[in-house]
$ cat input-v6.txt   # compact mmCIF, C-alpha atoms (C1' of nucleotides)
# COMPACT_ATOMS: atom_id res chain seq x y z
CA MET A 258 4.67 13.53 23.17
CA ASN A 259 3.18 10.58 24.97
CA THR A 260 -0.29 9.73 23.70
CA GLN A 261 -0.68 6.61 25.81
CA HIS A 262 -1.82 8.13 29.06
CA GLN A 263 -3.56 11.22 27.75
CA THR A 264 -7.27 11.57 28.26
CA MET A 265 -9.47 12.14 25.24
CA GLU A 266 -10.07 15.71 26.48
CA GLN A 267 -6.33 16.41 26.52
CA ARG A 268 -5.97 15.03 23.00
CA ILE A 269 -8.85 17.14 21.72
CA ALA A 270 -7.39 20.23 23.40
CA HIS A 271 -4.07 19.50 21.73
CA PHE A 272 -5.81 19.07 18.38
CA ARG A 273 -7.55 22.46 18.78
CA GLU A 274 -4.23 24.10 19.62
CA VAL A 275 -2.44 22.58 16.63
CA CYS A 276 -5.23 23.74 14.30
CA ARG A 277 -5.06 27.25 15.73
CA LEU A 278 -1.28 27.46 15.28
CA ALA A 279 -1.47 26.06 11.75
CA GLU A 280 -4.36 28.45 10.92
CA VAL A 281 -6.48 25.52 9.91
CA LYS A 282 -10.20 25.79 10.48
CA LEU A 283 -11.64 23.54 13.13
CA THR A 284 -14.81 22.12 11.62
CA HIS A 285 -17.30 19.78 13.19
CA GLN A 286 -16.25 17.07 10.69
CA ARG A 287 -12.54 17.41 11.47
CA LEU A 288 -13.19 17.22 15.19
CA GLU A 289 -15.25 14.05 14.90
CA ILE A 290 -12.79 12.41 12.51
CA PHE A 291 -9.89 13.17 14.84
CA ARG A 292 -11.87 11.89 17.84
CA GLU A 293 -12.60 8.62 16.02
CA VAL A 294 -8.96 8.00 15.03
CA ALA A 295 -7.77 8.90 18.54
CA ARG A 296 -10.29 6.48 20.04
CA ALA A 297 -9.38 3.62 17.68
CA GLY A 298 -6.65 1.16 18.59
CA ASP A 299 -7.02 -1.03 15.52
CA HIS A 300 -5.41 1.02 12.71
CA PRO A 301 -8.64 1.55 10.77
CA ASP A 302 -8.75 2.45 7.08
CA ALA A 303 -10.53 5.53 5.70
CA GLU A 304 -13.74 3.63 4.94
CA THR A 305 -13.94 2.26 8.51
CA ILE A 306 -13.33 5.68 10.02
CA TYR A 307 -16.02 7.06 7.69
CA ARG A 308 -18.54 4.47 8.93
CA ARG A 309 -17.72 5.13 12.59
CA VAL A 310 -17.87 8.90 12.21
CA ARG A 311 -21.24 8.68 10.48
CA GLU A 312 -22.75 7.06 13.57
CA HIS A 313 -22.20 10.32 15.44
CA LEU A 314 -22.25 12.79 12.57
CA PRO A 315 -24.49 11.77 9.66
CA VAL A 316 -23.42 14.64 7.40
CA VAL A 317 -19.92 13.73 6.38
CA SER A 318 -18.56 12.41 3.10
CA LEU A 319 -15.83 9.91 2.37
CA ASP A 320 -13.71 12.44 0.51
CA THR A 321 -13.73 14.74 3.53
CA VAL A 322 -12.53 11.82 5.64
CA TYR A 323 -9.64 11.30 3.24
CA ARG A 324 -8.80 15.00 3.07
CA THR A 325 -8.91 15.25 6.86
CA LEU A 326 -6.77 12.16 7.49
CA TRP A 327 -3.98 13.44 5.24
CA LEU A 328 -4.30 16.82 6.93
CA LEU A 329 -3.93 15.18 10.35
CA LYS A 330 -0.87 13.41 9.03
CA ASP A 331 0.63 16.69 7.77
CA LEU A 332 -0.06 18.22 11.18
CA GLY A 333 1.81 15.34 12.83
CA LEU A 334 -1.28 14.17 14.74
CA VAL A 335 -1.53 10.72 13.17
CA THR A 336 0.68 8.36 11.22
CA ALA A 337 -0.29 6.43 8.09
CA LEU A 338 0.61 2.80 7.46
CA GLY A 339 0.93 1.54 3.88
CA SER A 340 0.36 5.09 2.83
CA HIS A 341 -1.31 6.54 -0.24
CA HIS A 342 -0.02 6.32 -3.77
CA GLU A 343 1.97 3.32 -2.73
CA ARG A 344 1.76 0.46 -5.17
CA ALA A 345 2.95 -3.06 -4.63
CA ARG A 346 6.71 -3.50 -5.11
CA PHE A 347 8.69 -6.69 -5.56
CA ASP A 348 11.99 -8.02 -4.30
CA ALA A 349 13.86 -11.18 -5.29
CA ASN A 350 16.30 -10.78 -2.37
CA LEU A 351 15.39 -13.70 -0.12
CA ASP A 352 18.23 -13.21 2.37
CA HIS A 353 17.29 -11.88 5.78
CA HIS A 354 17.54 -8.13 5.37
CA HIS A 355 16.16 -4.83 6.62
CA HIS A 356 14.90 -1.67 4.92
CA PHE A 357 15.64 2.01 4.71
CA VAL A 358 12.69 3.84 3.13
CA CYS A 359 12.81 7.48 2.03
CA ILE A 360 9.69 9.28 3.27
CA ASP A 361 9.87 11.68 0.30
CA CYS A 362 10.58 9.59 -2.80
CA GLY A 363 9.80 6.09 -1.49
CA MET A 364 13.20 4.72 -2.46
CA THR A 365 13.83 1.50 -0.52
CA VAL A 366 17.31 0.11 0.14
CA ASP A 367 18.15 -3.30 1.63
CA PHE A 368 20.50 -3.55 4.62
CA TYR A 369 22.13 -6.38 6.50
CA SER A 370 22.76 -6.36 10.23
CA ASP A 371 23.66 -9.24 12.52
CA SER A 372 22.39 -7.40 15.58
CA PHE A 373 19.02 -6.80 13.89
CA ASP A 374 18.88 -10.45 12.82
CA ARG A 375 19.49 -11.62 16.40
CA LEU A 376 16.57 -9.68 17.94
CA GLU A 377 14.30 -11.76 20.14
CA ILE A 378 10.52 -11.71 19.88
CA PRO A 379 8.96 -10.24 23.06
CA GLU A 380 6.71 -12.66 24.95
CA SER A 381 3.80 -10.23 24.69
CA VAL A 382 3.86 -10.68 20.90
CA GLN A 383 3.75 -14.45 21.12
CA SER A 384 0.36 -14.23 22.83
CA VAL A 385 -1.02 -12.56 19.67
CA GLY A 386 0.50 -14.72 16.96
CA ALA A 387 3.47 -16.69 15.67
CA VAL A 388 6.12 -14.42 14.16
CA GLU A 389 7.63 -15.72 10.93
CA VAL A 390 9.60 -12.68 9.78
CA LEU A 391 11.16 -9.90 11.84
CA GLN A 392 12.31 -6.92 9.82
CA VAL A 393 13.57 -3.51 10.88
CA GLU A 394 12.20 -0.59 8.90
CA MET A 395 14.13 2.66 9.04
CA ARG A 396 12.34 5.69 7.65
CA GLY A 397 13.91 9.03 6.92
CA ARG A 398 15.03 11.24 4.08
CA CYS A 399 17.58 10.02 1.55
CA HIS A 400 20.45 12.39 0.83
CA ALA A 401 19.10 13.28 -2.62
CA CYS A 402 15.69 14.32 -1.20
CA ALA A 403 17.32 16.13 1.73
CA MET A 404 19.32 18.23 -0.73
CA LYS A 405 16.24 18.96 -2.80
CA SER A 406 14.27 20.20 0.21
CA GLU A 407 17.23 22.30 1.38
CA ARG A 408 17.40 23.97 -2.01
CA ARG A 409 13.67 24.65 -1.94
CA LYS A 410 13.93 26.33 1.48
CA GLN A 411 16.74 28.58 0.28
CA GLU A 412 14.76 29.60 -2.80
CA ASN A 413 11.79 30.53 -0.61
CA ARG A 414 14.00 32.75 1.57
CA ARG A 415 14.95 35.02 -1.33
CA MET B 7 18.53 -20.02 0.63
CA ASN B 8 21.09 -17.33 -0.01
CA THR B 9 20.29 -15.24 -3.08
CA GLN B 10 23.12 -12.76 -2.59
CA HIS B 11 25.97 -14.63 -4.18
CA GLN B 12 24.08 -16.71 -6.71
CA THR B 13 24.73 -16.12 -10.36
CA MET B 14 21.81 -15.30 -12.62
CA GLU B 15 22.21 -18.76 -14.23
CA GLN B 16 21.81 -20.42 -10.83
CA ARG B 17 18.73 -18.37 -10.08
CA ILE B 18 17.15 -19.21 -13.42
CA ALA B 19 17.95 -22.89 -12.90
CA HIS B 20 16.29 -22.71 -9.50
CA PHE B 21 13.27 -20.99 -11.03
CA ARG B 22 12.94 -23.76 -13.65
CA GLU B 23 13.15 -26.40 -10.94
CA VAL B 24 10.51 -24.73 -8.76
CA CYS B 25 8.15 -24.47 -11.75
CA ARG B 26 8.67 -28.12 -12.59
CA LEU B 27 7.95 -29.24 -9.01
CA ALA B 28 4.88 -27.00 -8.77
CA GLU B 29 3.66 -28.21 -12.20
CA VAL B 30 3.53 -24.65 -13.42
CA LYS B 31 4.24 -24.02 -17.06
CA LEU B 32 7.45 -22.20 -17.86
CA THR B 33 6.53 -19.64 -20.48
CA HIS B 34 8.79 -17.16 -22.21
CA GLN B 35 6.97 -14.33 -20.42
CA ARG B 36 7.42 -15.86 -16.97
CA LEU B 37 11.11 -16.44 -17.55
CA GLU B 38 11.73 -12.85 -18.64
CA ILE B 39 9.65 -11.42 -15.79
CA PHE B 40 11.55 -13.50 -13.24
CA ARG B 41 14.88 -12.54 -14.79
CA GLU B 42 13.97 -8.85 -14.55
CA VAL B 43 12.95 -9.03 -10.89
CA ALA B 44 16.03 -11.08 -10.03
CA ARG B 45 18.24 -8.52 -11.78
CA ALA B 46 16.60 -5.52 -10.07
CA GLY B 47 17.93 -4.23 -6.78
CA ASP B 48 15.52 -1.32 -6.47
CA HIS B 49 12.20 -2.96 -5.48
CA PRO B 50 10.40 -2.06 -8.72
CA ASP B 51 6.61 -1.94 -9.04
CA ALA B 52 4.64 -3.94 -11.61
CA GLU B 53 4.56 -1.10 -14.15
CA THR B 54 8.37 -0.69 -13.97
CA ILE B 55 8.95 -4.41 -14.39
CA TYR B 56 6.53 -4.35 -17.32
CA ARG B 57 8.51 -1.56 -19.02
CA ARG B 58 11.84 -3.34 -18.46
CA VAL B 59 10.57 -6.70 -19.68
CA ARG B 60 9.16 -5.11 -22.83
CA GLU B 61 12.63 -3.96 -23.85
CA HIS B 62 13.60 -7.62 -24.26
CA LEU B 63 10.22 -9.16 -24.97
CA PRO B 64 7.78 -6.89 -26.82
CA VAL B 65 4.84 -9.28 -26.57
CA VAL B 66 3.87 -9.13 -22.94
CA SER B 67 0.95 -7.45 -21.24
CA LEU B 68 0.67 -5.69 -17.89
CA ASP B 69 -1.88 -8.15 -16.57
CA THR B 70 0.47 -11.05 -17.27
CA VAL B 71 3.16 -9.20 -15.32
CA TYR B 72 0.77 -8.90 -12.36
CA ARG B 73 -0.34 -12.52 -12.60
CA THR B 74 3.26 -13.69 -12.80
CA LEU B 75 4.48 -11.56 -9.90
CA TRP B 76 1.82 -12.96 -7.56
CA LEU B 77 2.65 -16.44 -8.83
CA LEU B 78 6.33 -15.87 -8.04
CA LYS B 79 5.29 -14.75 -4.59
CA ASP B 80 3.17 -17.88 -4.07
CA LEU B 81 6.15 -19.98 -5.20
CA GLY B 82 8.32 -18.23 -2.60
CA LEU B 83 10.66 -16.79 -5.24
CA VAL B 84 10.02 -13.12 -4.49
CA THR B 85 8.56 -11.05 -1.67
CA ALA B 86 6.08 -8.20 -2.06
CA LEU B 87 6.29 -4.92 -0.16
CA GLY B 88 3.14 -2.92 0.51
CA SER B 89 1.24 -5.77 -1.01
CA HIS B 90 -1.95 -5.81 -3.02
CA HIS B 91 -5.41 -4.92 -1.78
CA GLU B 92 -3.84 -3.00 1.05
CA ARG B 93 -5.44 0.33 1.70
CA ALA B 94 -3.99 3.15 3.78
CA ARG B 95 -4.56 2.77 7.54
CA PHE B 96 -4.24 5.36 10.27
CA ASP B 97 -2.87 5.44 13.79
CA ALA B 98 -3.07 8.18 16.41
CA ASN B 99 -0.56 6.40 18.66
CA LEU B 100 2.46 8.70 18.52
CA ASP B 101 4.51 6.84 21.14
CA HIS B 102 7.49 4.91 19.86
CA HIS B 103 6.09 1.48 19.12
CA HIS B 104 6.49 -1.57 16.91
CA HIS B 105 4.11 -3.71 14.86
CA PHE B 106 2.89 -7.26 14.60
CA VAL B 107 1.06 -7.76 11.28
CA CYS B 108 -0.96 -10.87 10.46
CA ILE B 109 -0.06 -12.07 6.96
CA ASP B 110 -3.56 -13.54 6.52
CA CYS B 111 -6.04 -10.95 7.81
CA GLY B 112 -3.82 -7.86 7.97
CA MET B 113 -4.58 -7.21 11.63
CA THR B 114 -1.91 -4.91 13.06
CA VAL B 115 -1.11 -4.70 16.78
CA ASP B 116 1.16 -2.14 18.45
CA PHE B 117 3.96 -3.32 20.77
CA TYR B 118 6.41 -1.64 23.07
CA SER B 119 9.95 -2.84 23.66
CA ASP B 120 12.86 -1.04 25.29
CA SER B 121 15.40 -3.24 23.54
CA PHE B 122 13.83 -2.47 20.15
CA ASP B 123 13.78 1.24 20.99
CA ARG B 124 17.49 1.20 21.84
CA LEU B 125 18.64 -0.25 18.49
CA GLU B 126 21.43 1.70 16.84
CA ILE B 127 21.42 2.71 13.20
CA PRO B 128 24.19 0.91 11.26
CA GLU B 129 26.77 3.24 9.72
CA SER B 130 26.08 1.81 6.27
CA VAL B 131 22.54 3.24 6.48
CA GLN B 132 23.74 6.69 7.39
CA SER B 133 25.53 6.94 4.05
CA VAL B 134 22.15 6.60 2.31
CA GLY B 135 19.99 8.92 4.40
CA ALA B 136 19.09 10.30 7.80
CA VAL B 137 16.89 7.91 9.74
CA GLU B 138 14.03 9.58 11.60
CA VAL B 139 12.01 6.55 12.69
CA LEU B 140 13.17 3.01 13.42
CA GLN B 141 10.38 0.50 13.74
CA VAL B 142 10.42 -3.27 14.01
CA GLU B 143 7.83 -5.10 11.93
CA MET B 144 6.98 -8.65 12.91
CA ARG B 145 4.96 -10.61 10.38
CA GLY B 146 3.27 -13.91 11.03
CA ARG B 147 -0.10 -15.50 11.56
CA CYS B 148 -2.36 -14.34 14.38
CA HIS B 149 -3.86 -17.09 16.55
CA ALA B 150 -7.33 -16.63 15.04
CA CYS B 151 -6.05 -17.10 11.47
CA ALA B 152 -3.81 -20.00 12.54
CA MET B 153 -6.84 -21.79 13.96
CA LYS B 154 -8.87 -21.14 10.82
CA SER B 155 -6.17 -22.58 8.56
CA GLU B 156 -5.77 -25.62 10.85
CA ARG B 157 -9.50 -26.28 10.64
CA ARG B 158 -9.38 -26.01 6.86
CA LYS B 159 -6.56 -28.56 6.63
CA GLN B 160 -8.49 -31.03 8.80
CA GLU B 161 -11.60 -30.62 6.66
CA ASN B 162 -9.59 -31.36 3.53
CA ARG B 163 -8.21 -34.56 5.07
CA ARG B 164 -11.66 -36.14 5.45
C1' DG C 226 -17.23 39.48 4.89
C1' DT C 227 -13.44 36.78 3.38
C1' DT C 228 -11.32 32.72 3.33
C1' DT C 229 -11.47 27.96 3.70
C1' DA C 230 -13.82 23.47 3.93
C1' DT C 231 -17.54 20.64 2.48
C1' DG C 232 -20.44 17.48 -0.44
C1' DC C 233 -21.37 15.82 -4.74
C1' DA C 234 -20.20 13.58 -8.77
C1' DA C 235 -16.93 12.42 -11.88
C1' DA C 236 -12.22 11.17 -12.78
C1' DA C 237 -7.83 8.99 -11.96
C1' DC C 238 -5.21 5.39 -10.60
C1' DC C 239 -3.69 0.68 -9.77
C1' DT C 240 -5.05 -3.97 -10.03
C1' DT C 241 -8.04 -7.88 -11.29
C1' DT C 242 -11.14 -10.67 -14.21
C1' DG C 243 -13.76 -13.03 -18.25
C1' DC C 244 -13.12 -14.89 -22.47
C1' DA C 245 -11.31 -16.27 -27.00
C1' DT C 246 -6.80 -17.64 -28.70
C1' DT C 247 -2.24 -19.42 -28.27
C1' DT C 248 1.36 -22.00 -26.09
C1' DT C 249 3.29 -25.52 -23.10
C1' DG C 250 4.31 -30.16 -21.46
C1' DC D 174 -3.92 -32.97 -27.64
C1' DA D 175 -5.39 -31.59 -23.11
C1' DA D 176 -4.53 -28.22 -19.78
C1' DA D 177 -2.91 -23.97 -18.65
C1' DA D 178 -1.30 -19.21 -19.83
C1' DT D 179 -1.70 -15.17 -22.65
C1' DG D 180 -3.59 -10.68 -24.50
C1' DC D 181 -7.29 -7.80 -24.86
C1' DA D 182 -10.68 -5.04 -23.08
C1' DA D 183 -13.63 -4.10 -19.62
C1' DA D 184 -14.60 -3.95 -14.68
C1' DG D 185 -13.23 -3.47 -9.87
C1' DG D 186 -11.82 -1.01 -5.77
C1' DT D 187 -9.54 2.85 -3.57
C1' DT D 188 -8.27 7.54 -3.56
C1' DT D 189 -8.31 12.21 -5.64
C1' DT D 190 -10.17 16.40 -7.87
C1' DG D 191 -13.20 20.44 -9.75
C1' DC D 192 -16.75 23.17 -8.60
C1' DA D 193 -20.83 25.30 -6.44
C1' DT D 194 -22.50 25.80 -1.74
C1' DA D 195 -21.89 26.22 3.18
C1' DA D 196 -19.40 27.09 7.35
C1' DA D 197 -15.57 29.05 10.23
C1' DC D 198 -12.83 32.85 11.70
$ encode --input "input-v6.txt" --output "structure tokens"
Amino acid sequence: MNTQHQTMEQRIAHFREVCRLAEVKLTHQRLEIFREVARAGDHPDAETIYRRVREHLPVVSLDTVYRTLWLLKDLGLVTALGSHHERARFDANLDHHHHFVCIDCGMTVDFYSDSFDRLEIPESVQSVGAVEVLQVEMRGRCHACAMKSERRKQENRR
Amino acid sequence: MNTQHQTMEQRIAHFREVCRLAEVKLTHQRLEIFREVARAGDHPDAETIYRRVREHLPVVSLDTVYRTLWLLKDLGLVTALGSHHERARFDANLDHHHHFVCIDCGMTVDFYSDSFDRLEIPESVQSVGAVEVLQVEMRGRCHACAMKSERRKQENRR
DNA sequence: GTTTATGCAAAACCTTTGCATTTTG
DNA sequence: CAAAATGCAAAGGTTTTGCATAAAC
């Protein structure tokens, strides 16, 4: 779905529909939190969203903002960068490489690719800053986690 | 510098040399922590490195592991993924896009690129897992931060 | 009316810091 | 021996959780 050229009204309507289908209650807080994330173009953190929401809706707490943001992520309405429960990890591999990251277990594997290494920086990026490192991040499910989730589905069917 | 085909002895020698040039003391703890990160291929977190180091060197504390890892990063000997003091951030932009991230202030800007979108997944990755999202991450210094650090250098010259 | 979400406060978690002691160059 | 690094314990910041109350369906 293309979010770029949707009006705020269309996004809110979509949000309502997703909540209805997921049988999730549409509270005043959730609506305002979604509206604030949808309006933002600057990848705000939970604290920032909390502050912005409070300008319109004084009765909201930080923990509700957190709970709602992870809910929105589960519903596929937002994505999370540098997501929760992620601690700093270290790598002594200084060669130019790229990453596969498992969205379930967090396992990260290094990969080498000449075609990835040869990618050119778009001009539009150069107007924002000077790129020092270009790295491709591939996210998906590793085979081990894919098997685990398959097994879980089969158990639930019984 | 290519780390891939260096022996552990070469890496340790390089570590010693970098410490000497930077006038940083080479302690037993630092040597063992570096050795453990250099040996690891699995992007371990600080706690994991701490556990592994303790098997060889019982007298080491978690805070020394942290201090040493950030030192190694400053010395350019390791890189950090999902680095410190980084909180979760949220994005309602569901269109396929890519990121520029400022290494100083953390500002993240979305970019669109057809050539990035058309990248093919290398076969070697497919043997590890099923890629769902491919995203290019460009890291560097935004113009605002570049100007700030220029100004700081000039002030120090006076 | 029943189920679910909220706010509050307290906890959990990862990471950093101050200070006395030890180690390095 | 002077300067810097360590361990300890305590604090810091972010995110999560349990529970009584309130709101949505």
$ residues_around --input "input-v6.txt" --residues "DA176 of chain D" --least-positions-apart "4" --cutoff "12 Å" --atoms "only C-alpha atoms (C1' of nucleotides)" --output "PyMOL selection string"
(chain B and resi 29-31) or (chain C and resi 248-250)
$ atom_distance --input "input-v6.txt" --atom1 "atom CA of Thr70 of chain B" --atom2 "atom C1' of DT179 of chain D"
7.1 Å
$ interface_residues --input "input-v6.txt" --of "chain B" --to "chain A" --cutoff "7 Å" --atoms "all atoms listed in the file" --output "JSON list (two decimals) with C-alpha atoms, keeping the file's coordinate frame"
[["chain", "number", "residue", "atom", "x", "y", "z"],
["B", 8, "ASN", "CA", 21.09, -17.33, -0.01],
["B", 9, "THR", "CA", 20.29, -15.24, -3.08],
["B", 10, "GLN", "CA", 23.12, -12.76, -2.59],
["B", 43, "VAL", "CA", 12.95, -9.03, -10.89],
["B", 44, "ALA", "CA", 16.03, -11.08, -10.03],
["B", 48, "ASP", "CA", 15.52, -1.32, -6.47],
["B", 49, "HIS", "CA", 12.20, -2.96, -5.48],
["B", 50, "PRO", "CA", 10.40, -2.06, -8.72],
["B", 51, "ASP", "CA", 6.61, -1.94, -9.04],
["B", 52, "ALA", "CA", 4.64, -3.94, -11.61],
["B", 83, "LEU", "CA", 10.66, -16.79, -5.24],
["B", 84, "VAL", "CA", 10.02, -13.12, -4.49],
["B", 85, "THR", "CA", 8.56, -11.05, -1.67],
["B", 86, "ALA", "CA", 6.08, -8.20, -2.06],
["B", 87, "LEU", "CA", 6.29, -4.92, -0.16],
["B", 88, "GLY", "CA", 3.14, -2.92, 0.51],
["B", 89, "SER", "CA", 1.24, -5.77, -1.01],
["B", 90, "HIS", "CA", -1.95, -5.81, -3.02],
["B", 93, "ARG", "CA", -5.44, 0.33, 1.70],
["B", 94, "ALA", "CA", -3.99, 3.15, 3.78],
["B", 95, "ARG", "CA", -4.56, 2.77, 7.54],
["B", 96, "PHE", "CA", -4.24, 5.36, 10.27],
["B", 97, "ASP", "CA", -2.87, 5.44, 13.79],
["B", 98, "ALA", "CA", -3.07, 8.18, 16.41],
["B", 99, "ASN", "CA", -0.56, 6.40, 18.66],
["B", 100, "LEU", "CA", 2.46, 8.70, 18.52],
["B", 101, "ASP", "CA", 4.51, 6.84, 21.14],
["B", 114, "THR", "CA", -1.91, -4.91, 13.06],
["B", 134, "VAL", "CA", 22.15, 6.60, 2.31],
["B", 135, "GLY", "CA", 19.99, 8.92, 4.40],
["B", 136, "ALA", "CA", 19.09, 10.30, 7.80],
["B", 137, "VAL", "CA", 16.89, 7.91, 9.74],
["B", 138, "GLU", "CA", 14.03, 9.58, 11.60],
["B", 139, "VAL", "CA", 12.01, 6.55, 12.69],
["B", 140, "LEU", "CA", 13.17, 3.01, 13.42],
["B", 141, "GLN", "CA", 10.38, 0.50, 13.74],
["B", 142, "VAL", "CA", 10.42, -3.27, 14.01],
["B", 143, "GLU", "CA", 7.83, -5.10, 11.93],
["B", 144, "MET", "CA", 6.98, -8.65, 12.91],
["B", 145, "ARG", "CA", 4.96, -10.61, 10.38],
["B", 146, "GLY", "CA", 3.27, -13.91, 11.03],
["B", 147, "ARG", "CA", -0.10, -15.50, 11.56],
["B", 148, "CYS", "CA", -2.36, -14.34, 14.38],
["B", 149, "HIS", "CA", -3.86, -17.09, 16.55]]
$ atom_distance --input "input-v6.txt" --atom1 "atom CA of Ala19 of chain B" --atom2 "atom CA of Leu77 of chain B"
17.1 Å
$ closest_atom_pairs --input "input-v6.txt" --of "chain C" --to "chain A" --cutoff "12 Å" --atoms "all atoms listed in the file" --output "Markdown table"
| residue | atom | partner | partner_atom | distance |
| --- | --- | --- | --- | --- |
| C:DT228 | C1' | A:Lys282 | CA | 10.0 |
| C:DT229 | C1' | A:Lys282 | CA | 7.2 |
| C:DA230 | C1' | A:Lys282 | CA | 7.8 |
| C:DT231 | C1' | A:Thr321 | CA | 7.1 |
| C:DG232 | C1' | A:Ser318 | CA | 6.5 |
| C:DC233 | C1' | A:Ser318 | CA | 9.0 |
| C:DA234 | C1' | A:Asp320 | CA | 11.4 |
| C:DA237 | C1' | A:His342 | CA | 11.6 |
| C:DC238 | C1' | A:His342 | CA | 8.6 |
| C:DC239 | C1' | A:Arg344 | CA | 7.1 |
| C:DT240 | C1' | A:Arg344 | CA | 9.5 |
$ closest_atom_pairs --input "input-v6.txt" --of "chain D" --to "chain B" --cutoff "10 Å" --atoms "all atoms listed in the file" --output "Markdown table"
| residue | atom | partner | partner_atom | distance |
| --- | --- | --- | --- | --- |
| D:DA177 | C1' | B:Lys31 | CA | 7.3 |
| D:DA178 | C1' | B:Lys31 | CA | 7.8 |
| D:DT179 | C1' | B:Thr70 | CA | 7.1 |
| D:DG180 | C1' | B:Ser67 | CA | 6.5 |
| D:DC181 | C1' | B:Ser67 | CA | 9.0 |
| D:DG186 | C1' | B:His91 | CA | 8.5 |
| D:DT187 | C1' | B:Arg93 | CA | 7.1 |
| D:DT188 | C1' | B:Arg93 | CA | 9.4 |
$ atom_distance --input "input-v6.txt" --atom1 "atom CA of Arg409 of chain A" --atom2 "atom CA of Cys362 of chain A"
15.4 Å
$ build_atoms --input "input-v6.txt" --residues "segment 397-415 of chain A" --atoms "N, CA and C atoms" --output "PDB file, keeping the file's coordinate frame"
ATOM      1  N   GLY A 397      13.271   7.725   6.816  1.00  0.00           N
ATOM      2  CA  GLY A 397      13.910   9.030   6.920  1.00  0.00           C
ATOM      3  C   GLY A 397      14.014   9.621   5.530  1.00  0.00           C
ATOM      4  N   ARG A 398      14.901  10.593   5.373  1.00  0.00           N
ATOM      5  CA  ARG A 398      15.030  11.240   4.080  1.00  0.00           C
ATOM      6  C   ARG A 398      16.358  10.822   3.456  1.00  0.00           C
ATOM      7  N   CYS A 399      16.316  10.375   2.215  1.00  0.00           N
ATOM      8  CA  CYS A 399      17.580  10.020   1.550  1.00  0.00           C
ATOM      9  C   CYS A 399      18.337  11.305   1.237  1.00  0.00           C
ATOM     10  N   HIS A 400      19.635  11.198   1.021  1.00  0.00           N
ATOM     11  CA  HIS A 400      20.450  12.390   0.830  1.00  0.00           C
ATOM     12  C   HIS A 400      19.967  13.229  -0.360  1.00  0.00           C
ATOM     13  N   ALA A 401      19.568  12.548  -1.438  1.00  0.00           N
ATOM     14  CA  ALA A 401      19.100  13.280  -2.620  1.00  0.00           C
ATOM     15  C   ALA A 401      17.879  14.143  -2.268  1.00  0.00           C
ATOM     16  N   CYS A 402      16.903  13.561  -1.553  1.00  0.00           N
ATOM     17  CA  CYS A 402      15.690  14.320  -1.200  1.00  0.00           C
ATOM     18  C   CYS A 402      16.009  15.408  -0.171  1.00  0.00           C
ATOM     19  N   ALA A 403      16.936  15.126   0.727  1.00  0.00           N
ATOM     20  CA  ALA A 403      17.320  16.130   1.730  1.00  0.00           C
ATOM     21  C   ALA A 403      17.905  17.351   1.034  1.00  0.00           C
ATOM     22  N   MET A 404      18.727  17.118   0.015  1.00  0.00           N
ATOM     23  CA  MET A 404      19.320  18.230  -0.730  1.00  0.00           C
ATOM     24  C   MET A 404      18.257  19.030  -1.461  1.00  0.00           C
ATOM     25  N   LYS A 405      17.328  18.293  -2.083  1.00  0.00           N
ATOM     26  CA  LYS A 405      16.240  18.960  -2.800  1.00  0.00           C
ATOM     27  C   LYS A 405      15.448  19.874  -1.875  1.00  0.00           C
ATOM     28  N   SER A 406      15.124  19.391  -0.675  1.00  0.00           N
ATOM     29  CA  SER A 406      14.270  20.200   0.210  1.00  0.00           C
ATOM     30  C   SER A 406      15.060  21.363   0.803  1.00  0.00           C
ATOM     31  N   GLU A 407      16.390  21.195   0.950  1.00  0.00           N
ATOM     32  CA  GLU A 407      17.230  22.300   1.380  1.00  0.00           C
ATOM     33  C   GLU A 407      17.213  23.429   0.343  1.00  0.00           C
ATOM     34  N   ARG A 408      17.363  23.011  -0.908  1.00  0.00           N
ATOM     35  CA  ARG A 408      17.400  23.970  -2.010  1.00  0.00           C
ATOM     36  C   ARG A 408      16.076  24.743  -2.086  1.00  0.00           C
ATOM     37  N   ARG A 409      14.987  24.021  -1.869  1.00  0.00           N
ATOM     38  CA  ARG A 409      13.670  24.650  -1.940  1.00  0.00           C
ATOM     39  C   ARG A 409      13.522  25.714  -0.837  1.00  0.00           C
ATOM     40  N   LYS A 410      14.006  25.373   0.366  1.00  0.00           N
ATOM     41  CA  LYS A 410      13.930  26.330   1.480  1.00  0.00           C
ATOM     42  C   LYS A 410      14.707  27.605   1.153  1.00  0.00           C
ATOM     43  N   GLN A 411      15.910  27.424   0.601  1.00  0.00           N
ATOM     44  CA  GLN A 411      16.740  28.580   0.280  1.00  0.00           C
ATOM     45  C   GLN A 411      16.089  29.464  -0.764  1.00  0.00           C
ATOM     46  N   GLU A 412      15.450  28.828  -1.766  1.00  0.00           N
ATOM     47  CA  GLU A 412      14.760  29.600  -2.800  1.00  0.00           C
ATOM     48  C   GLU A 412      13.622  30.415  -2.204  1.00  0.00           C
ATOM     49  N   ASN A 413      12.918  29.837  -1.232  1.00  0.00           N
ATOM     50  CA  ASN A 413      11.790  30.530  -0.610  1.00  0.00           C
ATOM     51  C   ASN A 413      12.244  31.719   0.229  1.00  0.00           C
ATOM     52  N   ARG A 414      13.489  31.672   0.725  1.00  0.00           N
ATOM     53  CA  ARG A 414      14.000  32.750   1.570  1.00  0.00           C
ATOM     54  C   ARG A 414      14.282  34.036   0.785  1.00  0.00           C
ATOM     55  N   ARG A 415      14.595  33.855  -0.507  1.00  0.00           N
ATOM     56  CA  ARG A 415      14.950  35.020  -1.330  1.00  0.00           C
ATOM     57  C   ARG A 415      13.798  36.006  -1.465  1.00  0.00           C
TER      58      ARG A 415
END
